[in-house]
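*Asks:* As input, take start.csv (CSV, C-alpha atoms):
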chain,number,residue,atom,x,y,z
A,23,MET,CA,3.5,-9.1,-16.2
A,24,ASN,CA,0.6,-7.7,-14.1
A,25,ARG,CA,1.5,-8.3,-10.4
A,26,VAL,CA,0.7,-6.1,-7.4
A,27,ILE,CA,1.8,-6.5,-3.8
A,28,LEU,CA,0.4,-4.1,-1.2
A,29,MET,CA,0.5,-3.7,2.5
A,30,GLY,CA,-2.0,-1.4,4.2
A,31,ARG,CA,-4.8,-0.9,6.6
A,32,LEU,CA,-8.5,-1.6,5.9
A,33,THR,CA,-10.4,1.7,5.8
A,34,ARG,CA,-13.7,-0.2,6.7
A,35,ASP,CA,-15.1,-3.7,7.0
A,36,PRO,CA,-15.2,-5.5,3.6
A,37,ASP,CA,-18.5,-5.2,1.7
A,38,ILE,CA,-19.7,-8.7,0.8
A,39,ARG,CA,-22.2,-9.6,-1.9
A,40,TYR,CA,-23.1,-12.8,-3.5
A,41,SER,CA,-23.5,-13.4,-7.3
A,42,GLN,CA,-26.7,-14.7,-8.8
A,43,GLY,CA,-27.0,-17.8,-10.9
A,44,GLU,CA,-26.4,-21.6,-10.7
A,45,ARG,CA,-23.3,-21.2,-8.5
A,46,SER,CA,-23.5,-18.4,-6.0
A,47,MET,CA,-20.1,-16.8,-5.4
A,48,ALA,CA,-19.0,-14.4,-2.7
A,49,ILE,CA,-17.5,-11.1,-3.8
A,50,ALA,CA,-15.7,-8.9,-1.3
A,51,ARG,CA,-14.8,-5.3,-1.9
A,52,TYR,CA,-12.5,-3.3,0.4
A,53,THR,CA,-10.2,-0.4,0.4
A,54,LEU,CA,-6.6,-0.4,1.6
A,55,ALA,CA,-4.9,2.7,2.9
A,56,VAL,CA,-1.3,2.2,1.7
A,57,ASP,CA,1.3,4.6,3.1
A,58,ARG,CA,3.5,6.4,0.5
A,59,ARG,CA,7.2,6.1,0.8
A,60,GLY,CA,9.3,9.2,1.1
A,61,ARG,CA,9.6,12.2,3.3
A,62,ARG,CA,6.5,13.8,4.8
A,63,GLN,CA,6.0,17.5,4.8
A,64,GLN,CA,7.3,19.0,8.1
A,65,ASP,CA,5.3,22.2,7.4
A,66,GLY,CA,2.1,22.3,9.5
A,67,ASN,CA,0.2,24.2,6.8
A,68,ASP,CA,0.7,21.8,3.9
A,69,GLN,CA,-1.7,18.9,4.4
A,70,GLN,CA,-0.4,16.5,1.8
A,71,GLN,CA,-1.9,13.0,1.3
A,72,THR,CA,0.6,10.5,2.7
A,73,ALA,CA,-1.5,7.4,1.7
A,74,ASP,CA,-3.1,6.0,-1.4
A,75,PHE,CA,-6.5,4.4,-1.1
A,76,ILE,CA,-6.6,1.3,-3.2
A,77,SER,CA,-9.8,-0.5,-4.2
A,78,CYS,CA,-9.5,-4.3,-3.9
A,79,VAL,CA,-11.9,-7.0,-4.9
A,80,ALA,CA,-11.7,-10.7,-3.9
A,81,PHE,CA,-13.8,-13.6,-5.2
A,82,ASP,CA,-15.1,-16.9,-3.9
A,83,ARG,CA,-12.9,-18.4,-1.1
A,84,ALA,CA,-10.8,-15.3,-0.8
A,85,ALA,CA,-13.9,-13.2,-0.4
A,86,GLU,CA,-15.3,-15.6,2.3
A,87,PHE,CA,-12.0,-15.3,4.2
A,88,ALA,CA,-12.1,-11.5,4.0
A,89,GLU,CA,-15.7,-11.6,5.3
A,90,LYS,CA,-14.9,-13.8,8.2
A,91,TYR,CA,-11.6,-12.3,9.4
A,92,PHE,CA,-10.9,-8.8,8.0
A,93,ARG,CA,-12.1,-5.8,10.0
A,94,GLN,CA,-11.6,-2.0,9.8
A,95,GLY,CA,-8.1,-0.9,10.9
A,96,MET,CA,-6.4,-4.3,10.4
A,97,ARG,CA,-3.1,-4.2,8.5
A,98,VAL,CA,-3.1,-6.8,5.7
A,99,LEU,CA,-0.8,-7.9,2.9
A,100,VAL,CA,-2.4,-8.6,-0.4
A,101,SER,CA,-1.2,-9.6,-3.9
A,102,GLY,CA,-3.0,-9.8,-7.1
A,103,ARG,CA,-3.4,-8.0,-10.4
A,104,ILE,CA,-4.6,-4.6,-11.6
A,105,GLN,CA,-7.8,-4.7,-13.6
A,106,THR,CA,-9.3,-1.6,-15.2
A,107,GLY,CA,-12.8,-1.1,-16.5
A,108,SER,CA,-15.4,1.4,-17.3
A,109,TYR,CA,-19.2,1.9,-17.2
A,110,THR,CA,-21.7,4.7,-17.9
A,111,ASN,CA,-23.4,6.0,-14.8
A,112,ARG,CA,-27.0,7.2,-14.5
A,113,ASP,CA,-26.1,10.7,-15.6
A,114,GLY,CA,-24.7,9.3,-18.9
A,115,GLN,CA,-21.0,10.0,-17.9
A,116,LYS,CA,-18.4,7.4,-18.5
A,117,VAL,CA,-16.7,6.3,-15.2
A,118,TYR,CA,-13.3,4.5,-15.3
A,119,THR,CA,-12.4,2.0,-12.6
A,120,THR,CA,-9.2,0.5,-11.3
A,121,ASP,CA,-9.2,-2.4,-8.9
A,122,VAL,CA,-6.7,-4.9,-7.5
A,123,VAL,CA,-8.1,-8.4,-8.1
A,124,ILE,CA,-6.9,-10.3,-5.0
A,125,GLU,CA,-5.1,-13.6,-5.5
A,126,ASP,CA,-3.5,-13.9,-2.0
A,127,GLN,CA,-4.2,-12.1,1.2
A,128,GLU,CA,-2.9,-12.5,4.8
A,129,PHE,CA,-2.6,-10.7,8.1
A,130,ALA,CA,0.4,-8.3,8.4
A,131,ASP,CA,0.2,-7.9,12.2
A,132,SER,CA,-0.6,-10.1,15.1
A,133,LYS,CA,-4.1,-9.7,16.5
A,134,GLY,CA,-2.7,-7.8,19.5
A,135,ALA,CA,-1.4,-5.0,17.3
A,136,ALA,CA,-4.9,-4.1,16.0
A,137,ALA,CA,-7.1,-5.2,18.8
A,138,PRO,CA,-7.8,-3.7,22.2
A,139,ALA,CA,-5.4,-4.6,24.9
A,140,ALA,CA,-7.8,-6.9,26.7
A,141,ASP,CA,-8.4,-9.0,23.6
A,142,ALA,CA,-4.7,-9.1,23.0
A,143,MET,CA,-4.0,-10.4,26.4
A,144,ALA,CA,-6.7,-13.1,26.0
A,145,GLY,CA,-4.6,-15.0,23.6
A,146,GLY,CA,-4.6,-13.5,20.1
A,147,TYR,CA,-5.5,-15.7,17.1
A,148,GLY,CA,-6.4,-19.0,18.6
A,149,GLY,CA,-3.2,-19.3,20.5
A,150,TYR,CA,-0.7,-17.8,18.0
A,151,GLN,CA,2.5,-16.8,19.6
A,152,PRO,CA,5.5,-15.3,17.8
A,153,GLY,CA,7.9,-18.1,17.2
A,154,GLY,CA,5.4,-20.9,16.4
A,155,TYR,CA,1.8,-22.0,16.5
A,156,GLN,CA,1.1,-23.3,19.9
A,157,ALA,CA,-2.5,-24.5,19.9
A,158,GLY,CA,-2.6,-28.0,18.4
A,159,GLY,CA,0.1,-27.4,15.9
A,160,TYR,CA,3.9,-27.0,16.0
A,161,GLN,CA,5.5,-26.9,19.4
A,162,GLN,CA,9.2,-26.4,20.1
A,163,PRO,CA,10.7,-29.7,21.2
A,164,SER,CA,11.7,-29.5,24.9
A,165,SER,CA,14.7,-31.8,24.6
A,166,ARG,CA,16.7,-32.6,21.6
A,167,PRO,CA,19.7,-34.8,21.1
A,168,ALA,CA,22.9,-32.9,20.6
A,169,PRO,CA,24.0,-32.8,16.9
A,170,GLN,CA,27.1,-34.8,15.9
A,171,SER,CA,30.0,-33.0,14.3
A,172,ALA,CA,29.8,-31.9,10.7
A,173,ILE,CA,30.9,-34.5,8.1
A,174,GLY,CA,33.2,-33.8,5.2
A,175,ASP,CA,30.6,-32.4,2.8
A,176,GLY,CA,29.6,-29.5,5.1
A,177,PHE,CA,26.3,-31.1,6.3
A,178,MET,CA,25.7,-31.9,9.9
A,179,ASN,CA,24.7,-35.4,10.9
A,180,ILE,CA,21.3,-35.7,12.4
A,181,PRO,CA,21.1,-38.0,15.4
A,182,ASP,CA,18.9,-41.1,15.2
A,183,GLY,CA,15.5,-40.6,16.6
A,184,VAL,CA,15.0,-37.1,15.4
A,185,GLU,CA,12.0,-36.8,13.0
A,186,ASP,CA,12.1,-34.4,10.1
A,187,GLU,CA,8.9,-32.7,11.3
A,188,GLY,CA,10.6,-31.8,14.6
A,189,LEU,CA,13.3,-29.6,13.0
A,190,PRO,CA,12.7,-26.0,13.7
A,191,PHE,CA,13.3,-24.2,10.3
A,192,ASN,CA,12.4,-20.5,10.1
In structure tokens, write the structure found in this file.
*Replies:*
Amino acid sequence: MNRVILMGRLTRDPDIRYSQGERSMAIARYTLAVDRRGRRQQDGNDQQQTADFISCVAFDRAAEFAEKYFRQGMRVLVSGRIQTGSYTNRDGQKVYTTDVVIEDQEFADSKGAAAPAADAMAGGYGGYQPGGYQAGGYQQPSSRPAPQSAIGDGFMNIPDGVEDEGLPFN
């Protein structure tokens, strides 16, 4: 099985290119700085690398998402597969490559954690608030009927008039 899950910060804005041919496809390349686990050197003289810089590539819709939303310094969570390759450079030397081909990607922080304070106070990602999406989506019901006592099989009776969509599952 070839499966990779990484969480790290973007070292720079994604580099976006478009393929040639009948169906043009977006290709996004970006590098994630992923912290290493374990103890850091306490000695001020030893400057050890505490992060790995992982090359990632996303295609098509995932690449368009990265182009639109990903910016330098953001912490993101990605999953995909490792792909290795090689090519011969202009000097005739063989160069080996290792990339993570992205299958899924998402934000690992709220916008306020990576943005300036003024932008964070302006409302974050289109109204996102911890605990539920407030702008046009899920909203916590203000009043809810009290649940009835549990029945014999351990499940609680749901009162009449409560829709399935209104139940707040985390």
*Asks:* Quick one: of A:Pro36, A:Cys78, A:Ala50, A:Thr72, who's nearest to Ser101 in chain A, counting all atoms listed in the file?
*Replies:*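 When distances to Ser101 in chain A are compared using all atoms listed in the file, the smallest one comes from A:Cys78.
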*Asks:* A:Val26, A:Leu99, A:Val56, A:Val123: which is nearest Asp82 in chain A, counting only C-alpha atoms?
*Replies:* A:Val123
*Asks:* Would you please work out which residue, of A:Ala48, A:Glu128, A:Gln42, A:Thr120, is nearest to Arg83 in chain A when using all atoms listed in the file?
*Replies:*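 For Arg83 in chain A, the nearest of the candidates is A:Ala48.
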*Asks:* Enter the distance from CA of Ala73 in chain A to CA of Asp57 in chain A, in Å, rounded to one decimal.
*Replies:*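 So the two atoms, CA of Ala73 in chain A and CA of Asp57 in chain A, lie 4.2 Å apart.
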*Asks:* Measure the distance from CA of Asp126 in chain A to CA of Glu44 in chain A in Å and round it to one decimal.
*Replies:*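 Between CA of Asp126 in chain A and CA of Glu44 in chain A the gap works out to 25.7 Å.
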